[in-house]
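J.: Just passing along the structure, written as structure tokens.
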Amino acid sequence: MCMKSGFTAIIGRPNVGKSTLLNCILGQKIVITTDKAQTTRKRIKGIYTTEQGQIVFIDTPGVHKPLNKLGEFLLDEAKIAVPDADLILFLVDGSEPAGKGDKWIAQNILQTDIPVIIVMNKVDKIKKMGKIEQNLLSYKTLFEKNYPVVKISAKTGRNIDTLMKNIYKELPEGDYLYPEDVVTEETMRDVTEEIVREKILLNTSDEIPHSVAVKVENYFETDEIDKIYATIFCEQKSQKGILIGKGGSLLKKIGTEARLELEKITEKKVFLSLEVKVEKDWRKKQNSLNNFGYKSEKL
């Protein structure tokens with residue numbers, strides 16, 4: 001049997017389940033997920049290896065109209081993933097018909113010779129078969145080419161095996177691109193920043209989740225314990241107050257939740273120190289974006 005390997009980019013609107021799908025395929029959490037738009041801010045590689053070959057998935061931020069420099073970076077991250085991919089999964093919310101955002105992606109990002117699979121997620125939400133077929137047609141008509149369609153539920157794992165067969169079918173022949181035991185290129189610094197941000201997303205509302213960046217200042221590793229010192233940056237003094245909470249209660253809650261999850265990942269004790277600083281309008285400033293790791297690089 002010849003081995004297949006290649007890059008598969010996952011593209012779609014915010015909140016269609018891209019990160020949930022990747023975590024489901026890999027059988028472990030490598031990407032943070034919440035029900036808030038813009039949870040994913042960077043391209044993240046997830047590497048799936050079997051005897052059949054190796055699929056390097058590229059999870060991308062949800063494609064939406066940029067309102068600031070950060071928004072432009074998020075859109076670039078999705079665009080950059082396309083030209084170098086061997087296959088594109090166009091992930092859509094199958095529980096509703098194609099909308100303006102899907103149409104924009106089809107016209108502006110997916111006009112390409114690279115193979116595309118339309119992946120209808122969240123079909124478990126619909127009880128009537130006729131409705132699913134109706135929605136399916138609205139996505140197919142976005143393209144002139146007749147792309148294959150797979151209906152799945154990333155949440156329950158339904159039909160993921162069919163999706164994997166379809167992906168392998170489209171990928172070129174080739175040897176492993178990464179060692180067999182590598183699941184992601186993310187470092188523990190990256191993972192820590194994302195997990196702290198996830199806990200902020202889950203514990204705050206309104207504008208706070210979008211105006212926050214997390215930076216690990218120092219990471220000291222020993223066999224017994226990892227000591228991590230991180231800063232949460234927000235844009236206004238009022239946001240700093242909310243993030244700290246009464247008597248430091250919210251910051252403590254965020255820190256505890258993040259620490260417990262990091263201990264599961266590292267399988268040892270973790271000491272996590274968090275502080276909050278104000279960096280005014282950082283989402284509009286290129287220097288700040290660079291400082292927080294939001295700078296586009298090729299695959």
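Residue numbering restarts at 1 for every chain of the structure tokens, chains are lettered A, B, ... in their displayed order, and ligands are numbered from 1 as they appear.
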Which residues are near segment 199-213 of chain A? Cut-off 8 Å, only C-alpha atoms, ignore same chain within fewer than 6 positions. Put them as a list of chain:residue names.
T.: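 Selected residues are A:Thr34, A:Lys36, A:Gln38, A:Thr39, A:Ile232, A:Phe233, A:Cys234, A:Glu235, A:Gln239, A:Leu243, A:Leu250, A:Ile254, A:Glu257, A:Ala258, A:Arg283, A:Phe292.
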J.: Enumerate as a PyMOL selection string all residues of segment 143-256 of chain A assigned to strand (DSSP E or B) by DSSP on the backbone, naming them with the chain letters and numbers the document uses.
T.: chain A and resi 149-151+153+158+173+184+213-221+225-234
J.: Give me the segment 157-254 of chain A side of the contact with segment 23-33 of chain A, cut-off 9 Å, one line per residue showing its nearest atom pair and distance in Å at one decimal, counting only C-alpha atoms, sorted by chain and residue number, as JSON lines.
T.:
{"residue": "A:Gly157", "atom": "CA", "partner": "A:Cys24", "partner_atom": "CA", "distance": 6.7}
{"residue": "A:Ile160", "atom": "CA", "partner": "A:Ile25", "partner_atom": "CA", "distance": 7.3}
{"residue": "A:Asp161", "atom": "CA", "partner": "A:Ile25", "partner_atom": "CA", "distance": 8.9}
{"residue": "A:Met164", "atom": "CA", "partner": "A:Ile25", "partner_atom": "CA", "distance": 8.5}
{"residue": "A:Val183", "atom": "CA", "partner": "A:Leu26", "partner_atom": "CA", "distance": 7.8}
{"residue": "A:Thr184", "atom": "CA", "partner": "A:Ile30", "partner_atom": "CA", "distance": 7.4}
{"residue": "A:Glu186", "atom": "CA", "partner": "A:Ile30", "partner_atom": "CA", "distance": 8.4}
{"residue": "A:Val191", "atom": "CA", "partner": "A:Ile30", "partner_atom": "CA", "distance": 7.9}
{"residue": "A:Glu194", "atom": "CA", "partner": "A:Ile32", "partner_atom": "CA", "distance": 6.7}
{"residue": "A:Ile195", "atom": "CA", "partner": "A:Ile32", "partner_atom": "CA", "distance": 6.7}
{"residue": "A:Arg197", "atom": "CA", "partner": "A:Ile32", "partner_atom": "CA", "distance": 8.6}
{"residue": "A:Glu198", "atom": "CA", "partner": "A:Ile32", "partner_atom": "CA", "distance": 6.2}
J.: Report as an MDAnalysis selection string all protein, DNA and RNA residues lying within 12 Å of segment 75-80 of chain A, evaluated on only C-alpha atoms, omitting residues in the same chain fewer than 4 positions from it.
T.: chainID A and resid 9:14 18 38 40:44 58:71 84:85 88 90 105:106 108:112 294:299
J.: Residues at most 8 Å from Gly6 of chain A, counting only C-alpha atoms, excluding those fewer than 4 positions away in the same chain, as a list in words?
T.: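 Contacts, in chain order: Gln54, Ile55, Val56, Ala85, Asp86, Leu87, Leu171, Pro172, Gly174 and Leu177 of chain A.
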J.: So what do you get for atom CA of Glu193 of chain A versus atom CA of Asn121 of chain A, distance-wise?
T.: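 Separation between atom CA of Glu193 of chain A and atom CA of Asn121 of chain A: 27.9 Å.
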J.: I'd like the contact shell of Met3 of chain A - 7 Å cut-off, only C-alpha atoms, skipping same-chain residues fewer than 3 positions apart - returned as a short mmCIF file (atom, residue, chain, number, x, y, z; two decimals) with N, CA and C atoms, in the first residue's frame.
T.:
data_model
loop_
_atom_site.label_atom_id
_atom_site.label_comp_id
_atom_site.auth_asym_id
_atom_site.auth_seq_id
_atom_site.Cartn_x
_atom_site.Cartn_y
_atom_site.Cartn_z
N GLN A 52 -1.46 4.52 6.92
CA GLN A 52 -1.81 5.00 5.58
C GLN A 52 -0.96 6.19 5.15
N GLY A 53 -0.50 6.96 6.16
CA GLY A 53 0.30 8.15 5.85
C GLY A 53 0.15 9.21 6.92
N GLU A 173 0.93 11.02 -2.94
CA GLU A 173 1.75 9.96 -2.34
C GLU A 173 3.00 10.60 -1.75
N GLY A 174 3.47 10.04 -0.63
CA GLY A 174 4.68 10.59 -0.03
C GLY A 174 4.93 10.03 1.35
N ASP A 175 6.15 10.18 1.83
CA ASP A 175 6.53 9.70 3.17
C ASP A 175 6.09 10.70 4.23
#
J.: Counting only C-alpha atoms, which of A:Met120, A:Val182, A:Val214, A:Glu279 gets nearest to Lys140 of chain A?
T.: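 Ranking A:Met120, A:Val182, A:Val214, A:Glu279 by distance to Lys140 of chain A, first place goes to A:Met120.
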J.: Could you write out, as a ChimeraX atom specification, all the residues of segment 250-297 of chain A that DSSP marks as alpha helix (DSSP H)?
T.: /A:250-266,286-291
J.: Mind checking which residues fall within 9 Å of Glu224 of chain A, counting only C-alpha atoms, ignoring those fewer than 3 positions away in the same chain, and posting them as an NGL selection string?
T.: :A and (221 or 268-270)
J.: Which residue out of A:Lys264, A:Lys169, A:Lys284, A:Arg259 has the minimum interatomic distance to Val196 of chain A when only C-alpha atoms are used?
T.: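 Once distances to Val196 of chain A are computed over only C-alpha atoms, the minimum belongs to A:Arg259.
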J.: Taking into account only C-alpha atoms, which residue in the set A:Asn135, A:Ser249, A:Asn291, A:Thr50 is nearest to Glu217 of chain A?
T.: A:Asn291
J.: If we count only C-alpha atoms and set the cut-off at 12 Å, which residues sit around Thr141 of chain A, ignoring sequence neighbours fewer than 6 positions away in its own chain? Please answer as a list in words.
T.: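 Once the adjacent positions are removed, what remains is Pro97, Ala98, Gly99, Asp102, Lys103, Ala106, Gln107, Ile118, Gln134, Asn135 and Tyr147 of chain A.
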J.: Could you check how far atom CA of Val16 of chain A sits from atom CA of Lys122 of chain A, in Å to one decimal?
T.: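 Taking atom CA of Val16 of chain A as the start and atom CA of Lys122 of chain A as the end point, the length is 8.1 Å.
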